[in-house]
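> Supplied structure: input-v3.pdb, PDB, C-alpha atoms and all ligand atoms.
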ATOM      1  CA  MET A  28     222.745 116.512 100.059
ATOM      2  CA  GLN A  29     220.956 113.185  99.773
ATOM      3  CA  LEU A  30     217.799 112.158 101.606
ATOM      4  CA  VAL A  31     217.532 108.421 102.276
ATOM      5  CA  GLU A  32     214.716 106.425 103.859
ATOM      6  CA  GLU A  33     215.987 102.859 103.834
ATOM      7  CA  PRO A  34     218.389 101.707 106.573
ATOM      8  CA  ASP A  35     220.665  99.784 104.183
ATOM      9  CA  ALA A  36     220.843 102.773 101.790
ATOM     10  CA  PHE A  37     221.895 104.940 104.738
ATOM     11  CA  SER A  38     224.551 102.456 105.785
ATOM     12  CA  ARG A  39     225.881 102.186 102.215
ATOM     13  CA  ALA A  40     226.018 105.979 101.802
ATOM     14  CA  LEU A  41     228.217 106.302 104.893
ATOM     15  CA  ASP A  42     230.383 103.313 103.884
ATOM     16  CA  ARG A  43     231.003 104.945 100.500
ATOM     17  CA  ALA A  44     231.971 108.234 102.157
ATOM     18  CA  ARG A  45     234.322 106.436 104.548
ATOM     19  CA  ASP A  46     235.872 104.433 101.701
ATOM     20  CA  ALA A  47     236.585 107.737  99.972
ATOM     21  CA  GLY A  48     238.503 108.829 103.077
ATOM     22  CA  ALA A  49     235.837 110.977 104.753
ATOM     23  CA  SER A  50     235.460 111.194 108.522
ATOM     24  CA  ILE A  51     231.838 110.752 109.549
ATOM     25  CA  GLY A  52     229.722 112.820 111.956
ATOM     26  CA  LEU A  53     226.265 111.675 113.042
ATOM     27  CA  VAL A  54     223.611 113.913 114.623
ATOM     28  CA  PRO A  55     220.670 111.776 115.810
ATOM     29  CA  THR A  56     217.424 113.794 116.089
ATOM     30  CA  MET A  57     213.670 113.397 116.167
ATOM     31  CA  GLY A  58     213.245 116.339 113.790
ATOM     32  CA  ALA A  59     211.388 119.592 114.547
ATOM     33  CA  LEU A  60     214.869 121.045 114.259
ATOM     34  CA  HIS A  61     215.624 124.308 116.065
ATOM     35  CA  ALA A  62     218.701 126.401 116.801
ATOM     36  CA  GLY A  63     219.834 123.852 119.405
ATOM     37  CA  HIS A  64     219.964 121.106 116.769
ATOM     38  CA  ARG A  65     221.573 123.504 114.333
ATOM     39  CA  SER A  66     224.406 124.121 116.800
ATOM     40  CA  LEU A  67     225.042 120.330 116.978
ATOM     41  CA  ILE A  68     225.009 120.097 113.188
ATOM     42  CA  GLU A  69     227.358 123.066 112.808
ATOM     43  CA  ARG A  70     229.757 121.574 115.325
ATOM     44  CA  ALA A  71     229.737 118.289 113.400
ATOM     45  CA  VAL A  72     230.140 119.997 110.005
ATOM     46  CA  ALA A  73     233.117 121.992 111.329
ATOM     47  CA  ALA A  74     234.867 118.819 112.500
ATOM     48  CA  ARG A  75     233.854 116.031 110.103
ATOM     49  CA  ASP A  76     233.955 115.588 106.312
ATOM     50  CA  HIS A  77     230.582 113.900 105.901
ATOM     51  CA  VAL A  78     227.775 114.709 108.325
ATOM     52  CA  ALA A  79     224.606 112.653 108.556
ATOM     53  CA  VAL A  80     221.481 113.769 110.418
ATOM     54  CA  SER A  81     218.889 111.171 111.336
ATOM     55  CA  ILE A  82     215.296 112.343 111.678
ATOM     56  CA  PHE A  83     213.122 109.746 113.323
ATOM     57  CA  VAL A  84     210.340 110.199 115.875
ATOM     58  CA  ASN A  85     211.110 107.098 117.882
ATOM     59  CA  PRO A  86     207.889 105.534 119.200
ATOM     60  CA  LEU A  87     209.794 103.394 121.730
ATOM     61  CA  GLN A  88     210.886 106.340 123.854
ATOM     62  CA  PHE A  89     207.429 107.854 124.429
ATOM     63  CA  ASP A  90     205.739 106.620 127.579
ATOM     64  CA  ARG A  91     202.485 108.373 126.637
ATOM     65  CA  ARG A  92     200.758 107.793 123.309
ATOM     66  CA  GLU A  93     199.445 111.382 123.162
ATOM     67  CA  ASP A  94     203.000 112.783 123.447
ATOM     68  CA  LEU A  95     204.016 110.672 120.439
ATOM     69  CA  ASP A  96     200.959 111.771 118.460
ATOM     70  CA  ARG A  97     201.468 115.451 119.096
ATOM     71  CA  TYR A  98     205.242 115.472 118.631
ATOM     72  CA  PRO A  99     205.857 118.110 115.910
ATOM     73  CA  ARG A 100     206.715 116.693 112.468
ATOM     74  CA  THR A 101     208.310 119.233 110.134
ATOM     75  CA  LEU A 102     210.305 117.135 107.653
ATOM     76  CA  ASP A 103     210.431 119.677 104.791
ATOM     77  CA  ALA A 104     211.699 122.476 107.027
ATOM     78  CA  ASP A 105     214.153 120.069 108.704
ATOM     79  CA  VAL A 106     215.577 118.963 105.354
ATOM     80  CA  SER A 107     216.024 122.622 104.280
ATOM     81  CA  LEU A 108     217.829 123.421 107.541
ATOM     82  CA  CYS A 109     220.141 120.445 107.016
ATOM     83  CA  ALA A 110     220.929 121.448 103.423
ATOM     84  CA  ASP A 111     221.629 125.008 104.529
ATOM     85  CA  ALA A 112     223.906 123.841 107.364
ATOM     86  CA  GLY A 113     226.116 121.689 105.105
ATOM     87  CA  VAL A 114     224.778 118.210 105.943
ATOM     88  CA  SER A 115     225.684 115.485 103.416
ATOM     89  CA  THR A 116     223.056 112.837 104.233
ATOM     90  CA  VAL A 117     219.652 113.007 105.909
ATOM     91  CA  PHE A 118     218.280 109.674 107.070
ATOM     92  CA  ALA A 119     214.504 109.786 107.609
ATOM     93  CA  PRO A 120     213.309 106.184 107.945
ATOM     94  CA  ARG A 121     209.755 104.921 108.413
ATOM     95  CA  ALA A 122     208.947 103.333 111.772
ATOM     96  CA  ALA A 123     208.351  99.949 110.112
ATOM     97  CA  ALA A 124     211.878 100.015 108.647
ATOM     98  CA  MET A 125     213.515 100.745 112.017
ATOM     99  CA  PHE A 126     211.253  98.402 113.986
ATOM    100  CA  PRO A 127     209.923  95.625 111.725
ATOM    101  CA  ALA A 128     207.080  93.630 113.256
ATOM    102  CA  ASP A 129     209.391  90.697 114.048
ATOM    103  CA  SER A 130     212.117  92.780 115.715
ATOM    104  CA  ALA A 131     212.805  91.398 119.192
ATOM    105  CA  THR A 132     215.926  93.102 120.499
ATOM    106  CA  SER A 133     216.187  95.986 122.899
ATOM    107  CA  VAL A 134     219.182  97.635 124.516
ATOM    108  CA  SER A 135     219.033  98.631 128.159
ATOM    109  CA  VAL A 136     221.611 100.377 130.334
ATOM    110  CA  ALA A 137     221.057  99.359 133.943
ATOM    111  CA  GLY A 138     221.339 101.704 136.915
ATOM    112  CA  ILE A 139     221.610 105.157 135.453
ATOM    113  CA  SER A 140     218.577 104.607 133.169
ATOM    114  CA  ALA A 141     216.344 103.991 136.188
ATOM    115  CA  ARG A 142     217.024 107.346 137.869
ATOM    116  CA  TRP A 143     215.328 110.773 137.445
ATOM    117  CA  GLU A 144     214.055 110.873 133.853
ATOM    118  CA  GLY A 145     214.002 107.070 133.854
ATOM    119  CA  ALA A 146     211.946 106.974 137.062
ATOM    120  CA  SER A 147     209.489 109.582 135.773
ATOM    121  CA  ARG A 148     209.229 108.023 132.316
ATOM    122  CA  PRO A 149     209.517 104.217 132.658
ATOM    123  CA  GLY A 150     211.011 102.606 129.551
ATOM    124  CA  HIS A 151     212.092 105.933 128.082
ATOM    125  CA  PHE A 152     215.834 105.311 128.121
ATOM    126  CA  ASP A 153     215.463 101.736 126.863
ATOM    127  CA  GLY A 154     213.667 103.237 123.880
ATOM    128  CA  VAL A 155     216.466 105.768 123.390
ATOM    129  CA  THR A 156     219.311 103.255 123.688
ATOM    130  CA  THR A 157     217.578 100.750 121.424
ATOM    131  CA  VAL A 158     217.132 103.245 118.597
ATOM    132  CA  VAL A 159     220.541 104.886 119.092
ATOM    133  CA  ALA A 160     222.245 101.463 119.035
ATOM    134  CA  LYS A 161     220.524 100.794 115.693
ATOM    135  CA  LEU A 162     221.605 104.191 114.338
ATOM    136  CA  PHE A 163     225.196 103.558 115.468
ATOM    137  CA  ALA A 164     225.144 100.088 113.876
ATOM    138  CA  LEU A 165     224.004 101.584 110.574
ATOM    139  CA  ALA A 166     226.400 104.537 110.705
ATOM    140  CA  GLY A 167     229.571 102.591 111.588
ATOM    141  CA  PRO A 168     232.677 104.303 112.986
ATOM    142  CA  CYS A 169     231.883 107.970 113.542
ATOM    143  CA  ALA A 170     231.585 110.803 116.042
ATOM    144  CA  ALA A 171     228.031 111.296 117.306
ATOM    145  CA  TYR A 172     226.803 114.633 118.619
ATOM    146  CA  PHE A 173     224.286 114.975 121.458
ATOM    147  CA  GLY A 174     223.050 118.044 123.326
ATOM    148  CA  GLU A 175     223.785 118.542 127.013
ATOM    149  CA  LYS A 176     220.176 119.703 127.348
ATOM    150  CA  ASP A 177     219.357 115.984 127.760
ATOM    151  CA  PHE A 178     222.296 115.436 130.057
ATOM    152  CA  GLN A 179     221.121 112.116 131.452
ATOM    153  CA  GLN A 180     220.501 110.814 127.932
ATOM    154  CA  LEU A 181     224.054 111.832 127.036
ATOM    155  CA  ALA A 182     225.409 109.895 130.037
ATOM    156  CA  VAL A 183     223.280 106.831 129.227
ATOM    157  CA  VAL A 184     224.405 106.812 125.575
ATOM    158  CA  ARG A 185     228.050 107.214 126.641
ATOM    159  CA  ARG A 186     227.702 104.272 129.017
ATOM    160  CA  MET A 187     226.161 102.153 126.249
ATOM    161  CA  ALA A 188     228.889 103.034 123.719
ATOM    162  CA  THR A 189     231.615 102.232 126.265
ATOM    163  CA  ASP A 190     230.044  98.991 127.487
ATOM    164  CA  LEU A 191     229.394  97.668 123.973
ATOM    165  CA  PHE A 192     232.812  98.757 122.600
ATOM    166  CA  LEU A 193     231.001 100.702 119.878
ATOM    167  CA  PRO A 194     233.300 102.495 117.421
ATOM    168  CA  VAL A 195     231.576 105.809 118.110
ATOM    169  CA  THR A 196     233.018 108.857 119.868
ATOM    170  CA  ILE A 197     230.270 110.611 121.795
ATOM    171  CA  ILE A 198     230.518 114.394 121.752
ATOM    172  CA  GLY A 199     228.394 116.406 124.208
ATOM    173  CA  CYS A 200     227.518 119.933 123.069
ATOM    174  CA  PRO A 201     226.383 122.869 125.239
ATOM    175  CA  THR A 202     222.698 123.687 125.664
ATOM    176  CA  VAL A 203     221.440 126.585 123.549
ATOM    177  CA  ARG A 204     219.218 129.015 125.500
ATOM    178  CA  GLU A 205     216.808 131.822 124.776
ATOM    179  CA  PRO A 206     218.051 135.203 126.054
ATOM    180  CA  ASP A 207     215.957 134.722 129.232
ATOM    181  CA  GLY A 208     217.591 131.371 129.961
ATOM    182  CA  LEU A 209     214.929 128.929 128.714
ATOM    183  CA  ALA A 210     216.667 125.936 127.120
ATOM    184  CA  LEU A 211     215.635 125.367 123.495
ATOM    185  CA  SER A 212     213.415 122.312 123.126
ATOM    186  CA  SER A 213     210.922 121.080 120.549
ATOM    187  CA  ARG A 214     208.405 120.989 123.406
ATOM    188  CA  ASN A 215     208.565 124.776 123.875
ATOM    189  CA  ALA A 216     206.302 125.075 120.819
ATOM    190  CA  HIS A 217     203.457 123.672 122.954
ATOM    191  CA  LEU A 218     203.679 126.433 125.594
ATOM    192  CA  SER A 219     201.025 129.172 125.629
ATOM    193  CA  ALA A 220     202.253 132.772 126.010
ATOM    194  CA  ASP A 221     201.724 132.660 129.804
ATOM    195  CA  GLU A 222     203.336 129.247 130.103
ATOM    196  CA  ARG A 223     206.287 130.431 128.037
ATOM    197  CA  LEU A 224     206.898 133.171 130.619
ATOM    198  CA  ALA A 225     206.393 130.717 133.479
ATOM    199  CA  ALA A 226     208.895 128.283 131.928
ATOM    200  CA  ARG A 227     211.729 130.676 132.782
ATOM    201  CA  VAL A 228     211.425 129.322 136.321
ATOM    202  CA  LEU A 229     213.498 126.228 135.436
ATOM    203  CA  TRP A 230     216.574 128.269 134.622
ATOM    204  CA  ARG A 231     215.970 130.526 137.666
ATOM    205  CA  ALA A 232     215.896 127.392 139.848
ATOM    206  CA  LEU A 233     219.173 126.129 138.384
ATOM    207  CA  VAL A 234     220.852 129.505 138.909
ATOM    208  CA  ALA A 235     219.665 129.505 142.547
ATOM    209  CA  GLY A 236     221.059 125.979 142.977
ATOM    210  CA  ARG A 237     224.361 126.980 141.411
ATOM    211  CA  ASP A 238     224.524 130.022 143.714
ATOM    212  CA  ALA A 239     223.861 127.812 146.733
ATOM    213  CA  VAL A 240     226.738 125.522 145.712
ATOM    214  CA  ALA A 241     229.014 128.530 145.105
ATOM    215  CA  SER A 242     228.212 129.846 148.588
ATOM    216  CA  LYS A 243     229.537 126.573 150.044
ATOM    217  CA  GLU A 244     226.291 124.686 150.642
ATOM    218  CA  ASP A 245     227.639 121.136 150.703
ATOM    219  CA  ARG A 246     224.438 119.125 151.236
ATOM    220  CA  PRO A 247     222.879 117.820 147.999
ATOM    221  CA  GLY A 248     219.433 117.773 149.654
ATOM    222  CA  ALA A 249     219.682 121.445 150.611
ATOM    223  CA  VAL A 250     220.633 122.426 147.055
ATOM    224  CA  ALA A 251     217.710 120.362 145.721
ATOM    225  CA  ASP A 252     215.366 122.084 148.198
ATOM    226  CA  THR A 253     216.600 125.506 147.066
ATOM    227  CA  MET A 254     215.777 124.667 143.447
ATOM    228  CA  ALA A 255     212.413 123.117 144.379
ATOM    229  CA  ALA A 256     211.493 126.241 146.347
ATOM    230  CA  VAL A 257     212.114 128.427 143.297
ATOM    231  CA  ILE A 258     209.917 126.177 141.122
ATOM    232  CA  GLY A 259     207.295 126.432 143.893
ATOM    233  CA  THR A 260     207.078 130.207 143.414
ATOM    234  CA  GLU A 261     205.605 129.753 139.913
ATOM    235  CA  PRO A 262     201.863 128.967 140.000
ATOM    236  CA  LEU A 263     201.857 127.477 136.478
ATOM    237  CA  ALA A 264     204.700 125.063 137.225
ATOM    238  CA  ARG A 265     204.536 121.736 139.060
ATOM    239  CA  LEU A 266     207.832 120.233 140.223
ATOM    240  CA  ASP A 267     208.701 116.712 139.117
ATOM    241  CA  TYR A 268     212.212 116.584 140.587
ATOM    242  CA  ALA A 269     215.146 118.756 141.523
ATOM    243  CA  ALA A 270     218.479 117.146 142.347
ATOM    244  CA  ALA A 271     222.230 117.656 142.680
ATOM    245  CA  VAL A 272     223.899 114.536 141.287
ATOM    246  CA  ASP A 273     227.179 112.962 140.285
ATOM    247  CA  ALA A 274     227.403 113.721 136.548
ATOM    248  CA  GLU A 275     228.613 110.237 135.622
ATOM    249  CA  ASP A 276     226.162 107.859 137.273
ATOM    250  CA  PHE A 277     223.445 110.278 138.413
ATOM    251  CA  THR A 278     223.514 109.104 142.008
ATOM    252  CA  VAL A 279     223.192 111.678 144.787
ATOM    253  CA  PRO A 280     226.612 111.991 146.446
ATOM    254  CA  ARG A 281     227.015 111.971 150.245
ATOM    255  CA  SER A 282     228.279 115.529 150.068
ATOM    256  CA  LEU A 283     228.780 117.725 147.043
ATOM    257  CA  ASP A 284     232.561 117.586 147.014
ATOM    258  CA  ALA A 285     232.353 113.774 146.909
ATOM    259  CA  ALA A 286     230.882 114.018 143.380
ATOM    260  CA  ARG A 287     233.331 113.332 140.567
ATOM    261  CA  GLU A 288     231.673 116.169 138.730
ATOM    262  CA  LEU A 289     228.458 117.832 139.813
ATOM    263  CA  ARG A 290     225.269 118.351 137.799
ATOM    264  CA  LEU A 291     222.097 120.095 138.889
ATOM    265  CA  LEU A 292     218.837 118.768 137.412
ATOM    266  CA  VAL A 293     215.288 120.065 137.337
ATOM    267  CA  ALA A 294     212.102 118.723 135.747
ATOM    268  CA  ALA A 295     208.724 120.442 135.967
ATOM    269  CA  VAL A 296     205.412 120.433 134.192
ATOM    270  CA  VAL A 297     204.473 123.912 132.992
ATOM    271  CA  GLY A 298     200.808 123.982 132.010
ATOM    272  CA  ALA A 299     200.640 120.590 130.296
ATOM    273  CA  VAL A 300     204.205 120.594 128.999
ATOM    274  CA  ARG A 301     206.920 118.642 130.770
ATOM    275  CA  LEU A 302     210.278 120.431 130.637
ATOM    276  CA  ILE A 303     213.738 119.444 131.842
ATOM    277  CA  ASP A 304     216.947 121.398 132.248
ATOM    278  CA  ASN A 305     220.340 121.071 133.931
ATOM    279  CA  CYS A 306     223.603 122.874 134.525
ATOM    280  CA  ASP A 307     227.017 122.272 135.991
ATOM    281  CA  ALA A 308     228.020 123.687 139.365
ATOM    282  CA  ARG A 309     231.460 124.187 140.871
ATOM    283  CA  VAL A 310     232.019 123.144 144.457
ATOM    284  CA  PRO A 311     234.290 125.952 145.751
ATOM    285  CA  SER A 312     236.452 123.719 147.936
ATOM    286  CA  VAL A 313     237.129 121.371 144.987
ATOM    287  CA  ALA A 314     238.002 124.249 142.651
ATOM    288  CA  ALA A 315     240.338 125.929 145.181
ATOM    289  CA  PRO A 316     244.066 125.537 144.361
ATOM    290  CA  ARG A 317     244.872 124.204 147.850
ATOM    291  CA  ARG A 318     242.898 121.035 146.965
ATOM    292  CA  ALA A 319     245.055 120.352 143.910
ATOM    293  CA  GLY A 320     246.395 116.807 143.949
ATOM    294  CA  ARG A 321     243.877 115.572 146.525
ATOM    295  CA  GLY A 322     241.544 112.674 145.771
ATOM    296  CA  ASP A 323     238.400 114.570 144.767
ATOM    297  CA  ARG A 324     240.326 117.113 142.797
ATOM    298  CA  SER A 325     242.276 114.554 140.828
ATOM    299  CA  ARG A 326     239.063 112.663 140.016
ATOM    300  CA  SER A 327     237.429 115.778 138.597
ATOM    301  CA  ALA A 328     240.652 116.662 136.785
ATOM    302  CA  ARG A 329     240.586 113.197 135.221
ATOM    303  CA  ALA A 330     236.992 113.784 134.112
ATOM    304  CA  ALA A 331     238.032 117.108 132.543
ATOM    305  CA  LEU A 332     240.947 115.463 130.762
ATOM    306  CA  ARG A 333     238.630 112.787 129.423
ATOM    307  CA  ARG A 334     236.276 115.486 128.106
ATOM    308  CA  ASP A 335     239.183 117.283 126.442
ATOM    309  CA  ALA A 336     240.351 114.055 124.824
ATOM    310  CA  GLU A 337     236.835 113.444 123.485
ATOM    311  CA  GLY A 338     236.745 117.014 122.228
ATOM    312  CA  SER A 339     240.046 116.680 120.400
ATOM    313  CA  GLY A 340     238.705 113.624 118.563
ATOM    314  CA  ASP A 341     235.939 115.944 117.359
TER     315      ASP A 341
HETATM  316  O1  LIG A 401     217.428 113.493 121.798
HETATM  317  C1  LIG A 401     216.679 113.033 120.902
HETATM  318  O2  LIG A 401     216.196 113.765 120.031
HETATM  319  C2  LIG A 401     216.344 111.551 120.899
HETATM  320  O3  LIG A 401     216.240 111.055 122.186
HETATM  321  C3  LIG A 401     217.332 110.717 120.071
HETATM  322  C4  LIG A 401     218.732 110.750 120.657
HETATM  323  C5  LIG A 401     217.365 111.221 118.634
HETATM  324  C6  LIG A 401     216.884 109.246 120.037
HETATM  325  O4  LIG A 401     215.620 109.119 119.468
END
Could you show the structure in this file as structure tokens?
Ligand code: PAF

Amino acid sequence: MQLVEEPDAFSRALDRARDAGASIGLVPTMGALHAGHRSLIERAVAARDHVAVSIFVNPLQFDRREDLDRYPRTLDADVSLCADAGVSTVFAPRAAAMFPADSATSVSVAGISARWEGASRPGHFDGVTTVVAKLFALAGPCAAYFGEKDFQQLAVVRRMATDLFLPVTIIGCPTVREPDGLALSSRNAHLSADERLAARVLWRALVAGRDAVASKEDRPGAVADTMAAVIGTEPLARLDYAAAVDAEDFTVPRSLDAARELRLLVAAVVGAVRLIDNCDARVPSVAAPRRAGRGDRSRSARAALRRDAEGSGD
């Protein structure tokens, strides 16, 4: 495994691998790698000949300076994990190499970037898309692996890759959870023991929302209220948002079965740590066989087919 710091050395390493006939997988990360990242890396290693992991704490996507300063930096452990998982190249650039003082370009995806996480963290997604566009430009044609834990980020990056005709197949990978449901996140390291217990409330809220959808609640607002009420039962948690949204553009549909595909979202601050989570939810009337062939059903079937096609390119 090689560790490279310079953008052009990274680009050349992947060009060489491609010239030798290798298919390329890219796993963009900010380091502090945990089992969630490892699952992305393992998925990439299983499907691609040459897997690159980028490790870069991107200053552009932090809306608060103190979050950037206290973001965990564990490069040695990250590099060992990558070597152990079969990664071929680790790219760990300095901030000045990714964003030289005279750099003047940013990438912004309108609409979807302004909602939910974008509304709570102004500029966040512009920071993500700007750095991911640079990583894609350096990597060249490849498959890039992102966790569904950051489901809105995944949708924003997909939109960017489609709109800019980038030669990158975006692969979404399932969230990895602790046995009690808490989604793995680098931020979990900042939770105290009490907050760690309290943080389970996010997954409980999502399960309650999913149950509400399964029991034929069709009003997005009512599902959101159900999830918010669960968060409200936890004294250490403060709700940021709870929502039932269309999984493609993150708008709230008129009714749940009008969504092409449904996603439930929650964000809450537990102690001083902001956590997000999400899950899918099946609208019973859409899943029922009698709806087969009808408008909503065929739209969600098309979405499923698209996912399968992306998966088979994996
Ligand atoms: O999900 C992350 O870790 C980051 O947002 C990403 C995609 C590496 C961009 O900095």
> Considering all atoms listed in the file, tabulate each residue of chain A that lies at most 8 Å from ligand LIG 401 (chain A) along with its nearest interatomic pair and the corresponding distance in Å to one decimal; arrange the rows by chain and ascending residue number and present them as a tab-separated table.

residue	atom	partner	partner_atom	distance
A:Val54	CA	A:LIG401	C5	7.9
A:Pro55	CA	A:LIG401	C5	4.4
A:Thr56	CA	A:LIG401	C5	3.6
A:Met57	CA	A:LIG401	O2	4.6
A:Gly58	CA	A:LIG401	O2	7.4
A:Ser81	CA	A:LIG401	C5	7.5
A:Ile82	CA	A:LIG401	C5	7.3
A:Phe83	CA	A:LIG401	O4	6.7
A:Val84	CA	A:LIG401	O4	6.5
A:Asn85	CA	A:LIG401	O4	5.2
A:Gln88	CA	A:LIG401	O4	7.0
A:Gly154	CA	A:LIG401	O4	7.6
A:Val155	CA	A:LIG401	C6	4.8
A:Thr156	CA	A:LIG401	C6	7.4
A:Val158	CA	A:LIG401	O4	6.1
A:Val159	CA	A:LIG401	C6	5.8
A:Phe173	CA	A:LIG401	C4	7.0
A:Gly174	CA	A:LIG401	O1	7.4
A:Asp177	CA	A:LIG401	O1	6.7
A:Gln180	CA	A:LIG401	O3	7.2
> Could you name the residues that touch Arg97 of chain A at 10 Å or less, counting all atoms listed in the file, but leaving out those on the same chain fewer than 3 positions away, as number ranges by chain?
A: 92-94, 100, 214, 217
> Would you work out the distance separating atom CA of Pro99 of chain A from atom CA of Ser213 of chain A, expressed in Å to one decimal?
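Taking atom CA of Pro99 of chain A as the start and atom CA of Ser213 of chain A as the end point, the length is 7.5 Å.
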> Once the PyMOL selection byres (((chain A and resi 222-232) around 10) and not hetatm) has been evaluated on this model, what residues remain selected, and can you format them as a PyMOL selection string?
chain A and resi 204-205+207-210+215-221+233-238+250-264+266+269+291-306
> Take atom CA of Ser50 of chain A and atom CA of Met28 of chain A and report the distance between them in Å, one decimal.
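Taking atom CA of Ser50 of chain A and atom CA of Met28 of chain A, their separation equals 16.2 Å.
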> My list of candidates is A:Arg287, A:Asp46, A:Ser212, A:Gly199. Which is closest to Tyr98 of chain A when distances are computed with only C-alpha atoms?
A:Ser212
> Mind working out the centre and edge lengths of an axis-aligned box for segment 104-118 of chain A, all listed atoms inside, 8 Å added to each side, rounded to one decimal in Å and written as lines of an AutoDock Vina configuration file?

center_x = 218.9
center_y = 117.3
center_z = 106.1
size_x = 30.4
size_y = 31.3
size_z = 21.3
> Report the distance between atom CA of Glu244 of chain A and atom CA of Tyr268 of chain A in Å, rounded to one decimal place.
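Separation of atom CA of Glu244 of chain A and atom CA of Tyr268 of chain A: 19.1 Å.
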> For the provided coordinates, the residues matched by the PyMOL selection byres (((chain A and resi 120-133) around 6) and not hetatm) should be stated as a VMD selection string.
chain A and resid 32 to 33 119 134 157
> With C-alpha atoms kept, could you save the residues just selected as an mmCIF file, keeping the file's coordinate frame?

data_model
loop_
_atom_site.group_PDB
_atom_site.id
_atom_site.type_symbol
_atom_site.label_atom_id
_atom_site.label_comp_id
_atom_site.auth_asym_id
_atom_site.auth_seq_id
_atom_site.Cartn_x
_atom_site.Cartn_y
_atom_site.Cartn_z
ATOM 1 C CA GLU A 32 214.716 106.425 103.859
ATOM 2 C CA GLU A 33 215.987 102.859 103.834
ATOM 3 C CA ALA A 119 214.504 109.786 107.609
ATOM 4 C CA VAL A 134 219.182 97.635 124.516
ATOM 5 C CA THR A 157 217.578 100.750 121.424
#
> Pull out every residue that the PyMOL selection byres (((chain A and resi 152) around 10) and not hetatm) matches in the shown coordinates and put them as a tab-separated table (two decimals) with C-alpha atoms, in the frame of the given file.

chain	number	residue	atom	x	y	z
A	87	LEU	CA	209.79	103.39	121.73
A	88	GLN	CA	210.89	106.34	123.85
A	89	PHE	CA	207.43	107.85	124.43
A	134	VAL	CA	219.18	97.64	124.52
A	135	SER	CA	219.03	98.63	128.16
A	136	VAL	CA	221.61	100.38	130.33
A	137	ALA	CA	221.06	99.36	133.94
A	139	ILE	CA	221.61	105.16	135.45
A	140	SER	CA	218.58	104.61	133.17
A	141	ALA	CA	216.34	103.99	136.19
A	144	GLU	CA	214.06	110.87	133.85
A	145	GLY	CA	214.00	107.07	133.85
A	146	ALA	CA	211.95	106.97	137.06
A	148	ARG	CA	209.23	108.02	132.32
A	149	PRO	CA	209.52	104.22	132.66
A	150	GLY	CA	211.01	102.61	129.55
A	151	HIS	CA	212.09	105.93	128.08
A	153	ASP	CA	215.46	101.74	126.86
A	154	GLY	CA	213.67	103.24	123.88
A	155	VAL	CA	216.47	105.77	123.39
A	156	THR	CA	219.31	103.26	123.69
A	157	THR	CA	217.58	100.75	121.42
A	158	VAL	CA	217.13	103.24	118.60
A	179	GLN	CA	221.12	112.12	131.45
A	180	GLN	CA	220.50	110.81	127.93
A	183	VAL	CA	223.28	106.83	129.23
A	184	VAL	CA	224.40	106.81	125.58
> Name the closest residue to Asp103 of chain A among the candidates A:Pro86, A:Arg65, A:Ala59, A:Lys161; distances are taken between atoms, counting only C-alpha atoms.
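The answer is A:Ala59, which sits nearest to Asp103 of chain A.
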> Quick one: contact table of segment 48-74 of chain A to segment 190-198 of chain A, 10 Å max, nearest atom pair and distance in Å to one decimal per residue, counting only C-alpha atoms, chain and number order, as CSV?

residue,atom,partner,partner_atom,distance
A:Ile51,CA,A:Val195,CA,9.9
A:Gly52,CA,A:Thr196,CA,9.4
A:Leu53,CA,A:Val195,CA,9.4
A:Val54,CA,A:Ile198,CA,9.9
A:Leu67,CA,A:Ile198,CA,9.4
A:Arg70,CA,A:Ile198,CA,9.7
A:Ala71,CA,A:Ile198,CA,9.2
